[in-house]
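S.K.: What follows is model.txt, made up of compact mmCIF, C-alpha atoms:
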# COMPACT_ATOMS: atom_id res chain seq x y z
CA MET A 1 16.44 -99.37 -0.69
CA VAL A 2 20.03 -98.42 -0.43
CA HIS A 3 19.96 -96.92 -3.94
CA VAL A 4 16.92 -94.82 -3.05
CA ASN A 5 18.63 -93.33 0.03
CA GLU A 6 21.76 -92.49 -1.98
CA LYS A 7 19.67 -90.71 -4.61
CA GLN A 8 17.85 -88.70 -1.92
CA GLN A 9 21.19 -87.68 -0.36
CA GLN A 10 22.48 -86.51 -3.75
CA GLN A 11 19.36 -84.43 -4.30
CA GLN A 12 19.71 -82.87 -0.83
CA GLN A 13 23.38 -82.04 -1.41
CA GLN A 14 22.55 -80.38 -4.73
CA ALA A 15 19.77 -78.35 -3.13
CA GLN A 16 21.90 -77.01 -0.23
CA PRO A 17 24.10 -74.61 -2.30
CA GLN A 18 21.01 -73.22 -4.04
CA ALA A 19 19.30 -72.64 -0.69
CA GLN A 20 22.40 -70.95 0.75
CA HIS A 21 22.70 -68.73 -2.32
CA GLN A 22 19.06 -67.69 -1.98
CA GLN A 23 19.63 -66.86 1.71
CA HIS A 24 22.54 -64.59 0.78
CA LEU A 25 20.41 -62.79 -1.81
CA THR A 26 17.60 -62.30 0.70
CA ALA A 27 19.99 -60.97 3.36
CA ALA A 28 21.57 -58.56 0.87
CA ALA A 29 18.18 -57.25 -0.16
CA GLN A 30 17.20 -56.69 3.47
CA ALA A 31 20.52 -55.05 4.47
CA PRO A 32 20.18 -51.34 5.29
CA THR A 33 21.44 -48.87 2.73
CA ALA A 34 24.44 -46.74 3.79
CA THR A 35 23.46 -43.27 4.94
CA ARG A 36 25.32 -40.04 5.73
CA THR A 37 25.20 -40.91 9.45
CA GLU A 38 27.46 -43.87 8.67
CA SER A 39 30.16 -41.61 7.23
CA PRO A 40 33.65 -42.75 8.29
CA LEU A 41 34.80 -39.20 9.08
CA GLY A 42 37.19 -39.48 12.00
CA ARG A 43 36.30 -36.38 14.00
CA MET A 44 33.49 -33.91 13.79
CA LEU A 45 34.18 -31.10 11.41
CA THR A 46 34.62 -27.89 13.38
CA VAL A 47 33.48 -24.59 11.91
CA ILE A 48 35.22 -21.52 13.36
CA GLU A 49 33.60 -18.19 12.60
CA CYS A 50 35.75 -15.09 12.74
CA PRO A 51 33.98 -12.42 14.83
CA ASN A 52 33.32 -9.08 13.12
CA THR A 53 33.98 -10.61 9.69
CA GLN A 54 32.28 -13.06 7.34
CA LEU A 55 35.31 -15.33 7.27
CA GLN A 56 34.88 -18.96 8.30
CA TYR A 57 37.38 -21.74 8.85
CA LEU A 58 36.85 -25.48 8.92
CA ILE A 59 39.16 -27.57 11.13
CA LEU A 60 39.24 -31.29 10.45
CA ASP A 61 41.36 -34.39 10.74
CA CYS A 62 43.26 -35.81 7.79
CA PRO A 63 41.32 -37.29 4.86
CA THR A 64 42.68 -40.31 3.01
CA GLU A 65 42.05 -41.60 -0.50
CA SER A 66 39.34 -43.91 0.84
CA THR A 67 37.52 -41.22 2.88
CA LEU A 68 38.10 -38.16 0.70
CA GLY A 69 34.72 -38.57 -1.00
CA PHE A 70 32.90 -38.01 2.28
CA TYR A 71 34.97 -34.90 3.03
CA LEU A 72 34.43 -33.61 -0.50
CA HIS A 73 30.68 -33.86 0.01
CA GLU A 74 30.98 -31.65 3.11
CA PHE A 75 33.36 -29.22 1.37
CA LEU A 76 30.88 -28.65 -1.44
CA GLN A 77 28.02 -28.17 1.01
CA MET A 78 30.03 -25.58 2.96
CA SER A 79 31.42 -23.68 -0.06
CA VAL A 80 35.04 -24.52 0.79
CA TYR A 81 37.37 -22.50 -1.43
CA ALA A 82 40.70 -23.98 -0.34
CA VAL A 83 42.02 -26.88 1.73
CA VAL A 84 45.26 -26.30 3.62
CA ARG A 85 47.37 -29.35 4.44
CA CYS A 86 49.69 -28.92 7.45
CA CYS A 87 50.94 -32.50 7.21
CA GLN A 88 52.27 -34.80 4.51
CA PRO A 89 49.83 -35.50 1.65
CA THR A 90 47.60 -38.52 2.12
CA TYR A 91 45.35 -38.01 -0.91
CA GLN A 92 45.55 -36.66 -4.43
CA ALA A 93 44.90 -32.92 -4.67
CA GLN A 94 43.61 -33.38 -8.20
CA ARG A 95 40.38 -34.88 -6.86
CA LEU A 96 39.57 -31.60 -5.14
CA ALA A 97 40.86 -29.47 -8.00
CA GLU A 98 38.29 -31.14 -10.25
CA HIS A 99 35.65 -29.45 -8.09
CA ASN A 100 37.42 -26.06 -8.12
CA ILE A 101 38.77 -26.51 -4.58
CA GLN A 102 42.35 -25.33 -4.22
CA VAL A 103 44.80 -27.41 -2.17
CA VAL A 104 47.59 -25.48 -0.42
CA ASP A 105 50.46 -27.37 1.25
CA LEU A 106 51.79 -25.60 4.35
CA PRO A 107 53.46 -28.41 6.30
CA PHE A 108 55.39 -27.89 9.52
CA LYS A 109 56.57 -30.02 12.44
CA ASP A 110 54.05 -32.20 14.26
CA GLY A 111 53.27 -30.63 17.64
CA GLY A 112 55.27 -27.54 16.72
CA ILE A 113 54.75 -23.95 15.68
CA PRO A 114 54.72 -22.64 12.11
CA PRO A 115 57.84 -20.90 10.76
CA LEU A 116 57.54 -17.38 9.43
CA ASN A 117 57.32 -18.38 5.77
CA ILE A 118 54.37 -20.68 6.52
CA ILE A 119 52.62 -17.90 8.45
CA ARG A 120 53.11 -15.45 5.59
CA ASP A 121 51.74 -17.89 3.01
CA TRP A 122 48.79 -18.66 5.29
CA LEU A 123 47.94 -15.00 5.77
CA GLN A 124 48.18 -14.35 2.04
CA LEU A 125 45.54 -17.03 1.52
CA VAL A 126 43.37 -15.56 4.28
CA GLU A 127 43.55 -12.10 2.73
CA LYS A 128 42.73 -13.52 -0.69
CA VAL A 129 39.63 -15.35 0.56
CA LYS A 130 38.56 -12.35 2.64
CA ASN A 131 38.38 -10.28 -0.55
CA LEU A 132 36.39 -12.83 -2.52
CA PRO A 133 32.72 -12.14 -3.27
CA LEU A 134 29.96 -14.03 -1.51
CA ASP A 135 29.15 -17.50 -2.78
CA GLU A 136 26.18 -17.32 -5.16
CA LYS A 137 24.46 -20.40 -3.73
CA SER A 138 25.00 -19.97 0.01
CA ASN A 139 25.35 -16.17 0.08
CA LYS A 140 28.35 -16.66 2.39
CA LYS A 141 32.06 -16.06 2.14
CA PRO A 142 33.98 -19.06 0.77
CA MET A 143 35.42 -21.14 3.61
CA ILE A 144 39.02 -22.21 4.25
CA ALA A 145 39.44 -25.80 5.44
CA VAL A 146 42.60 -26.65 7.43
CA HIS A 147 43.82 -30.04 8.56
CA CYS A 148 46.83 -31.76 10.06
CA VAL A 149 46.53 -35.42 11.12
CA ALA A 150 44.17 -35.21 14.12
CA GLY A 151 43.18 -31.56 13.70
CA LEU A 152 44.22 -30.71 17.26
CA GLY A 153 47.46 -28.75 16.92
CA ARG A 154 48.87 -27.46 13.67
CA ALA A 155 45.53 -26.72 12.02
CA PRO A 156 44.05 -24.89 15.05
CA VAL A 157 47.28 -22.88 15.39
CA LEU A 158 46.89 -21.45 11.90
CA VAL A 159 43.24 -20.63 12.54
CA ALA A 160 44.15 -18.95 15.84
CA ILE A 161 46.75 -16.82 14.02
CA ALA A 162 44.06 -15.71 11.59
CA LEU A 163 41.72 -14.77 14.45
CA ILE A 164 44.47 -12.79 16.15
CA GLU A 165 45.26 -10.97 12.91
CA MET A 166 41.58 -10.05 12.63
CA GLY A 167 41.67 -8.37 16.04
CA MET A 168 41.02 -11.09 18.64
CA LYS A 169 43.31 -11.27 21.66
CA PRO A 170 45.60 -14.34 21.64
CA LEU A 171 44.19 -16.10 24.69
CA ASP A 172 40.67 -15.29 23.60
CA ALA A 173 41.37 -16.96 20.25
CA ILE A 174 42.72 -20.05 22.02
CA GLU A 175 39.71 -20.39 24.30
CA PHE A 176 37.30 -19.63 21.46
CA ILE A 177 38.72 -22.50 19.36
CA ARG A 178 38.98 -24.86 22.32
CA SER A 179 35.34 -24.24 23.18
CA LYS A 180 34.48 -25.66 19.76
CA ARG A 181 37.24 -28.25 19.32
CA ARG A 182 38.15 -30.00 22.53
CA GLY A 183 41.81 -30.82 23.08
CA ALA A 184 43.21 -28.26 20.67
CA PHE A 185 46.75 -26.90 21.28
CA ASN A 186 49.62 -28.00 23.47
CA LYS A 187 51.51 -25.75 25.91
CA PRO A 188 54.31 -24.70 23.50
CA GLN A 189 51.67 -23.71 20.97
CA ILE A 190 49.79 -21.70 23.61
CA MET A 191 53.02 -19.93 24.59
CA PHE A 192 53.70 -19.13 20.95
CA LEU A 193 50.22 -17.76 20.32
CA ASP A 194 50.23 -15.72 23.53
CA SER A 195 53.37 -13.88 22.37
CA TYR A 196 52.36 -13.71 18.70
CA LYS A 197 52.79 -10.30 17.07
CA ARG A 198 50.52 -9.38 14.19
CA LEU A 199 52.06 -9.21 10.77
CA LEU A 200 49.07 -7.49 9.19
CA LYS A 201 47.98 -4.01 10.15
CA PRO A 202 44.78 -4.50 12.12
CA LYS A 203 41.73 -2.41 11.36
CA SER A 204 40.30 -2.94 14.80
CA SER A 205 41.50 -4.39 18.07
CA THR A 206 38.00 -4.86 19.46
CA SER A 207 37.37 -8.21 21.09
CA ASN A 208 34.19 -9.68 22.54
CA TYR A 209 36.09 -12.03 24.84
CA SER A 210 38.52 -11.62 27.71
CA LEU A 211 40.90 -13.75 29.77
CA SER A 212 43.08 -12.52 32.60
CA SER A 213 46.24 -14.60 32.46
CA LEU A 214 48.20 -17.37 30.79
CA GLY A 215 47.97 -19.36 34.01
CA ARG A 216 44.23 -19.54 33.62
CA MET A 217 44.67 -20.89 30.13
CA PHE A 218 46.96 -23.69 31.35
CA LYS A 219 44.40 -24.53 34.01
CA PHE A 220 41.79 -24.58 31.28
CA SER A 221 43.90 -27.07 29.32
CA SER A 222 43.94 -29.54 32.21
CA ASN A 223 40.19 -29.97 31.80
CA HIS A 224 40.49 -30.83 28.14
CA SER A 225 42.42 -33.78 26.77
CA SER A 226 45.23 -32.93 24.37
CA SER A 227 46.79 -35.22 21.81
CA LYS A 228 50.54 -35.73 21.54
CA THR A 229 50.28 -38.03 18.58
CA ASP A 230 49.40 -35.16 16.26
CA GLN A 231 49.24 -31.51 17.11
Would you write the structure of this file as structure tokens?

M.R.:
Amino acid sequence: MVHVNEKQQQQQQQAQPQAQHQQHLTAAAQAPTATRTESPLGRMLTVIECPNTQLQYLILDCPTESTLGFYLHEFLQMSVYAVVRCCQPTYQAQRLAEHNIQVVDLPFKDGGIPPLNIIRDWLQLVEKVKNLPLDEKSNKKPMIAVHCVAGLGRAPVLVAIALIEMGMKPLDAIEFIRSKRRGAFNKPQIMFLDSYKRLLKPKSSTSNYSLSSLGRMFKFSSNHSSSKTDQ
């Protein structure tokens, strides 16, 4: 009788791993397939349209090697022509170049304002893209994507400069971007943009927006969280 019980125990022990393996296979088969809604993109991508022109800008946080594929999918959908990096590289530019997306490095201090050489290089890119023909697939102007680390300071500053150069008033540009990307800009950056002088000769100074004072803008900023970790 003892021998029979030992044999039954051995059979049960041998059957347990097989049963566990089958359970794992069943669970894997029933697991939901990853979808686009499960994308690990850190922040929402923010599209900024330039009034009175067909130019568009895409503000985003910083891709990494592991997340670049998700960003690349969005870039291709949005006809992104160039990606501007305002921070240190965190992914290989070659991966984007393989899809005919140019990567332009324009780094400057975290939380700071861009030096003149960075502004000039940025505006040269803007002028280049502005003169490009419409994309054959989307029938839109190619888009410029800009990112720093969090996409709340350096990247929005460059986009605001472009809007000002295209004729928008400085404080209008700040509020316009903040209405789409909450927490953008710190006070030094607002001061810089408010006193910014155009480097390009504007064709029109018409603006569809208006603000009365810098004080109102600072009050506006108190209602929106700003990041000090990356701006």

S.K.: Suppose you want the space between CA of Lys141 in chain A and CA of Gln54 in chain A; what is it in Å?

M.R.: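 For CA of Lys141 in chain A relative to CA of Gln54 in chain A, the distance reads 6.0 Å.
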
S.K.: Could you list, as a PyMOL selection string, every residue within 9 Å of range 173-175 of chain A, counting only C-alpha atoms and ignoring same-chain residues fewer than 2 positions away?

M.R.: chain A and resi 156-157+159-161+163-164+168-171+177-180+184-185+190+193-194+209+211+217+220

S.K.: Using all atoms listed in the file, which of the listed residues (A:Thr46, A:Gln124, A:Gln94, A:Ser138) sits closest to Leu76 in chain A?

M.R.: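 The answer is A:Ser138, which sits nearest to Leu76 in chain A.
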
S.K.: Here is a test: counting only C-alpha atoms, which residue of A:Lys140, A:Arg95, A:Lys187, A:Arg181 is nearest to Leu58 in chain A?

M.R.: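 Closest candidate: A:Arg181.
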
S.K.: Please provide as a CSV table (one decimal) with C-alpha atoms, in the frame of the given file all residues within 12 Å of Arg120 in chain A, with the sequence filter that same-chain residues fewer than 4 positions apart are discarded (counting all atoms listed in the file).

M.R.:
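Saved to part-v9.csv:
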chain,number,residue,atom,x,y,z
A,106,LEU,CA,51.8,-25.6,4.4
A,114,PRO,CA,54.7,-22.6,12.1
A,115,PRO,CA,57.8,-20.9,10.8
A,116,LEU,CA,57.5,-17.4,9.4
A,124,GLN,CA,48.2,-14.4,2.0
A,125,LEU,CA,45.5,-17.0,1.5
A,126,VAL,CA,43.4,-15.6,4.3
A,127,GLU,CA,43.6,-12.1,2.7
A,158,LEU,CA,46.9,-21.4,11.9
A,161,ILE,CA,46.8,-16.8,14.0
A,162,ALA,CA,44.1,-15.7,11.6
A,165,GLU,CA,45.3,-11.0,12.9
A,198,ARG,CA,50.5,-9.4,14.2
A,199,LEU,CA,52.1,-9.2,10.8
A,200,LEU,CA,49.1,-7.5,9.2

S.K.: Could you list, as a ChimeraX atom specification, every residue within 7 Å of range 88-93 of chain A, counting only C-alpha atoms and ignoring same-chain residues fewer than 6 positions away?

M.R.: /A:63-65,103,107

S.K.: At what distance in Å, to one decimal, does CA of Arg182 in chain A lie from CA of Met143 in chain A?

M.R.: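 About the pair CA of Met143 in chain A and CA of Arg182 in chain A: they are 21.1 Å apart.
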
S.K.: Could you check which of A:Phe75, A:Phe176, A:Phe108, A:Trp122 is closest to Val149 in chain A, using only C-alpha atoms?

M.R.: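 Using only C-alpha atoms, the shortest distance to Val149 in chain A belongs to A:Phe108.
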
S.K.: Report the distance between CA of Lys197 in chain A and CA of Ile118 in chain A in Å, rounded to one decimal place.

M.R.: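 It comes out at 14.9 Å.
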
S.K.: Identify which of the residues A:Gly167, A:Pro188, A:Cys87, A:Asp121 lies closest to Cys50 in chain A, counting all atoms listed in the file when measuring atom-to-atom distances.

M.R.: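 Counting all atoms listed in the file, the residue closest to Cys50 in chain A is A:Gly167.
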
S.K.: Nearest to Ala155 in chain A: which of A:Leu55, A:Ile101, A:Ile113, A:Leu72 is it, counting all atoms listed in the file?

M.R.: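 Among A:Leu55, A:Ile101, A:Ile113, A:Leu72, it is A:Ile113 that comes nearest to Ala155 in chain A.
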
S.K.: So which residues touch Asn139 in chain A within 12 Å, counting only C-alpha atoms, skipping near sequence neighbours fewer than 4 positions away, as a short mmCIF file (atom, residue, chain, number, x, y, z; two decimals) with C-alpha atoms, in the coordinates of the input?

M.R.:
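Ended up saving to part-v5.cif:
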data_model
loop_
_atom_site.label_atom_id
_atom_site.label_comp_id
_atom_site.auth_asym_id
_atom_site.auth_seq_id
_atom_site.Cartn_x
_atom_site.Cartn_y
_atom_site.Cartn_z
CA GLN A 54 32.28 -13.06 7.34
CA MET A 78 30.03 -25.58 2.96
CA SER A 79 31.42 -23.68 -0.06
CA LEU A 132 36.39 -12.83 -2.52
CA PRO A 133 32.72 -12.14 -3.27
CA LEU A 134 29.96 -14.03 -1.51
CA ASP A 135 29.15 -17.50 -2.78
CA MET A 143 35.42 -21.14 3.61
#

S.K.: Would you please take range 156-187 of chain A of the structure in the block above and write N, CA, C and O atoms to a file as a PDB file, in the first residue's frame?

M.R.:
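The result, written out as decode.pdb:
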ATOM      1  N   PRO A 156       8.907  75.170 -25.967  1.00  0.00           N
ATOM      2  CA  PRO A 156       7.909  76.216 -26.189  1.00  0.00           C
ATOM      3  C   PRO A 156       8.505  77.593 -26.462  1.00  0.00           C
ATOM      4  O   PRO A 156       7.919  78.378 -27.206  1.00  0.00           O
ATOM      5  N   VAL A 157       9.661  77.899 -25.873  1.00  0.00           N
ATOM      6  CA  VAL A 157      10.296  79.198 -26.127  1.00  0.00           C
ATOM      7  C   VAL A 157      10.638  79.345 -27.603  1.00  0.00           C
ATOM      8  O   VAL A 157      10.384  80.393 -28.220  1.00  0.00           O
ATOM      9  N   LEU A 158      11.210  78.322 -28.200  1.00  0.00           N
ATOM     10  CA  LEU A 158      11.549  78.402 -29.621  1.00  0.00           C
ATOM     11  C   LEU A 158      10.299  78.556 -30.480  1.00  0.00           C
ATOM     12  O   LEU A 158      10.280  79.333 -31.435  1.00  0.00           O
ATOM     13  N   VAL A 159       9.251  77.826 -30.134  1.00  0.00           N
ATOM     14  CA  VAL A 159       8.008  77.947 -30.897  1.00  0.00           C
ATOM     15  C   VAL A 159       7.412  79.345 -30.732  1.00  0.00           C
ATOM     16  O   VAL A 159       6.924  79.940 -31.698  1.00  0.00           O
ATOM     17  N   ALA A 160       7.469  79.895 -29.531  1.00  0.00           N
ATOM     18  CA  ALA A 160       6.962  81.250 -29.306  1.00  0.00           C
ATOM     19  C   ALA A 160       7.744  82.264 -30.140  1.00  0.00           C
ATOM     20  O   ALA A 160       7.155  83.195 -30.703  1.00  0.00           O
ATOM     21  N   ILE A 161       9.054  82.099 -30.231  1.00  0.00           N
ATOM     22  CA  ILE A 161       9.871  82.995 -31.058  1.00  0.00           C
ATOM     23  C   ILE A 161       9.406  82.943 -32.503  1.00  0.00           C
ATOM     24  O   ILE A 161       9.282  83.975 -33.179  1.00  0.00           O
ATOM     25  N   ALA A 162       9.137  81.736 -32.987  1.00  0.00           N
ATOM     26  CA  ALA A 162       8.659  81.594 -34.369  1.00  0.00           C
ATOM     27  C   ALA A 162       7.324  82.300 -34.567  1.00  0.00           C
ATOM     28  O   ALA A 162       7.110  82.971 -35.589  1.00  0.00           O
ATOM     29  N   LEU A 163       6.420  82.175 -33.608  1.00  0.00           N
ATOM     30  CA  LEU A 163       5.117  82.844 -33.712  1.00  0.00           C
ATOM     31  C   LEU A 163       5.276  84.365 -33.713  1.00  0.00           C
ATOM     32  O   LEU A 163       4.592  85.072 -34.462  1.00  0.00           O
ATOM     33  N   ILE A 164       6.171  84.856 -32.878  1.00  0.00           N
ATOM     34  CA  ILE A 164       6.419  86.299 -32.826  1.00  0.00           C
ATOM     35  C   ILE A 164       7.000  86.776 -34.153  1.00  0.00           C
ATOM     36  O   ILE A 164       6.606  87.831 -34.677  1.00  0.00           O
ATOM     37  N   GLU A 165       7.919  86.013 -34.697  1.00  0.00           N
ATOM     38  CA  GLU A 165       8.523  86.385 -35.988  1.00  0.00           C
ATOM     39  C   GLU A 165       7.485  86.397 -37.103  1.00  0.00           C
ATOM     40  O   GLU A 165       7.614  87.152 -38.075  1.00  0.00           O
ATOM     41  N   MET A 166       6.442  85.590 -36.972  1.00  0.00           N
ATOM     42  CA  MET A 166       5.399  85.537 -37.988  1.00  0.00           C
ATOM     43  C   MET A 166       4.329  86.607 -37.790  1.00  0.00           C
ATOM     44  O   MET A 166       3.362  86.674 -38.534  1.00  0.00           O
ATOM     45  N   GLY A 167       4.500  87.451 -36.766  1.00  0.00           N
ATOM     46  CA  GLY A 167       3.589  88.573 -36.595  1.00  0.00           C
ATOM     47  C   GLY A 167       2.769  88.586 -35.333  1.00  0.00           C
ATOM     48  O   GLY A 167       2.046  89.557 -35.068  1.00  0.00           O
ATOM     49  N   MET A 168       2.816  87.554 -34.504  1.00  0.00           N
ATOM     50  CA  MET A 168       2.026  87.525 -33.281  1.00  0.00           C
ATOM     51  C   MET A 168       2.717  88.336 -32.184  1.00  0.00           C
ATOM     52  O   MET A 168       3.944  88.341 -32.087  1.00  0.00           O
ATOM     53  N   LYS A 169       1.946  89.026 -31.384  1.00  0.00           N
ATOM     54  CA  LYS A 169       2.510  89.781 -30.269  1.00  0.00           C
ATOM     55  C   LYS A 169       3.070  88.814 -29.225  1.00  0.00           C
ATOM     56  O   LYS A 169       2.534  87.720 -29.030  1.00  0.00           O
ATOM     57  N   PRO A 170       4.151  89.204 -28.529  1.00  0.00           N
ATOM     58  CA  PRO A 170       4.813  88.284 -27.601  1.00  0.00           C
ATOM     59  C   PRO A 170       3.902  87.654 -26.559  1.00  0.00           C
ATOM     60  O   PRO A 170       3.892  86.433 -26.388  1.00  0.00           O
ATOM     61  N   LEU A 171       3.124  88.461 -25.859  1.00  0.00           N
ATOM     62  CA  LEU A 171       2.265  87.907 -24.814  1.00  0.00           C
ATOM     63  C   LEU A 171       1.134  87.075 -25.394  1.00  0.00           C
ATOM     64  O   LEU A 171       0.656  86.133 -24.764  1.00  0.00           O
ATOM     65  N   ASP A 172       0.704  87.432 -26.599  1.00  0.00           N
ATOM     66  CA  ASP A 172      -0.303  86.619 -27.269  1.00  0.00           C
ATOM     67  C   ASP A 172       0.251  85.237 -27.598  1.00  0.00           C
ATOM     68  O   ASP A 172      -0.435  84.220 -27.461  1.00  0.00           O
ATOM     69  N   ALA A 173       1.510  85.201 -28.032  1.00  0.00           N
ATOM     70  CA  ALA A 173       2.148  83.927 -28.359  1.00  0.00           C
ATOM     71  C   ALA A 173       2.276  83.053 -27.113  1.00  0.00           C
ATOM     72  O   ALA A 173       2.048  81.836 -27.161  1.00  0.00           O
ATOM     73  N   ILE A 174       2.619  83.678 -25.984  1.00  0.00           N
ATOM     74  CA  ILE A 174       2.762  82.938 -24.730  1.00  0.00           C
ATOM     75  C   ILE A 174       1.427  82.338 -24.311  1.00  0.00           C
ATOM     76  O   ILE A 174       1.327  81.152 -23.981  1.00  0.00           O
ATOM     77  N   GLU A 175       0.385  83.146 -24.325  1.00  0.00           N
ATOM     78  CA  GLU A 175      -0.927  82.656 -23.910  1.00  0.00           C
ATOM     79  C   GLU A 175      -1.454  81.613 -24.892  1.00  0.00           C
ATOM     80  O   GLU A 175      -2.083  80.628 -24.500  1.00  0.00           O
ATOM     81  N   PHE A 176      -1.204  81.820 -26.167  1.00  0.00           N
ATOM     82  CA  PHE A 176      -1.661  80.882 -27.188  1.00  0.00           C
ATOM     83  C   PHE A 176      -1.055  79.499 -26.955  1.00  0.00           C
ATOM     84  O   PHE A 176      -1.750  78.474 -27.009  1.00  0.00           O
ATOM     85  N   ILE A 177       0.250  79.450 -26.668  1.00  0.00           N
ATOM     86  CA  ILE A 177       0.914  78.166 -26.413  1.00  0.00           C
ATOM     87  C   ILE A 177       0.462  77.580 -25.088  1.00  0.00           C
ATOM     88  O   ILE A 177       0.198  76.377 -24.979  1.00  0.00           O
ATOM     89  N   ARG A 178       0.337  78.422 -24.073  1.00  0.00           N
ATOM     90  CA  ARG A 178      -0.090  77.921 -22.763  1.00  0.00           C
ATOM     91  C   ARG A 178      -1.515  77.371 -22.785  1.00  0.00           C
ATOM     92  O   ARG A 178      -1.856  76.471 -22.014  1.00  0.00           O
ATOM     93  N   SER A 179      -2.349  77.918 -23.650  1.00  0.00           N
ATOM     94  CA  SER A 179      -3.718  77.415 -23.748  1.00  0.00           C
ATOM     95  C   SER A 179      -3.747  75.995 -24.301  1.00  0.00           C
ATOM     96  O   SER A 179      -4.717  75.261 -24.105  1.00  0.00           O
ATOM     97  N   LYS A 180      -2.670  75.609 -24.979  1.00  0.00           N
ATOM     98  CA  LYS A 180      -2.594  74.274 -25.570  1.00  0.00           C
ATOM     99  C   LYS A 180      -1.665  73.345 -24.794  1.00  0.00           C
ATOM    100  O   LYS A 180      -1.831  72.128 -24.844  1.00  0.00           O
ATOM    101  N   ARG A 181      -0.675  73.929 -24.111  1.00  0.00           N
ATOM    102  CA  ARG A 181       0.277  73.121 -23.337  1.00  0.00           C
ATOM    103  C   ARG A 181       0.426  73.723 -21.948  1.00  0.00           C
ATOM    104  O   ARG A 181       1.207  74.649 -21.726  1.00  0.00           O
ATOM    105  N   ARG A 182      -0.299  73.188 -21.032  1.00  0.00           N
ATOM    106  CA  ARG A 182      -0.360  73.727 -19.682  1.00  0.00           C
ATOM    107  C   ARG A 182       0.998  73.666 -18.988  1.00  0.00           C
ATOM    108  O   ARG A 182       1.703  72.665 -19.064  1.00  0.00           O
ATOM    109  N   GLY A 183       1.356  74.746 -18.323  1.00  0.00           N
ATOM    110  CA  GLY A 183       2.602  74.789 -17.558  1.00  0.00           C
ATOM    111  C   GLY A 183       3.804  75.263 -18.332  1.00  0.00           C
ATOM    112  O   GLY A 183       4.913  75.277 -17.798  1.00  0.00           O
ATOM    113  N   ALA A 184       3.599  75.665 -19.586  1.00  0.00           N
ATOM    114  CA  ALA A 184       4.733  76.104 -20.399  1.00  0.00           C
ATOM    115  C   ALA A 184       5.280  77.436 -19.895  1.00  0.00           C
ATOM    116  O   ALA A 184       4.529  78.294 -19.447  1.00  0.00           O
ATOM    117  N   PHE A 185       6.586  77.598 -19.946  1.00  0.00           N
ATOM    118  CA  PHE A 185       7.330  78.831 -19.637  1.00  0.00           C
ATOM    119  C   PHE A 185       7.479  79.081 -18.142  1.00  0.00           C
ATOM    120  O   PHE A 185       6.579  78.806 -17.354  1.00  0.00           O
ATOM    121  N   ASN A 186       8.638  79.642 -17.777  1.00  0.00           N
ATOM    122  CA  ASN A 186       8.821  80.190 -16.439  1.00  0.00           C
ATOM    123  C   ASN A 186       8.908  81.717 -16.563  1.00  0.00           C
ATOM    124  O   ASN A 186       8.868  82.268 -17.661  1.00  0.00           O
ATOM    125  N   LYS A 187       9.024  82.413 -15.465  1.00  0.00           N
ATOM    126  CA  LYS A 187       8.990  83.885 -15.493  1.00  0.00           C
ATOM    127  C   LYS A 187      10.155  84.492 -16.276  1.00  0.00           C
ATOM    128  O   LYS A 187       9.945  85.434 -17.050  1.00  0.00           O
TER     129      LYS A 187
END
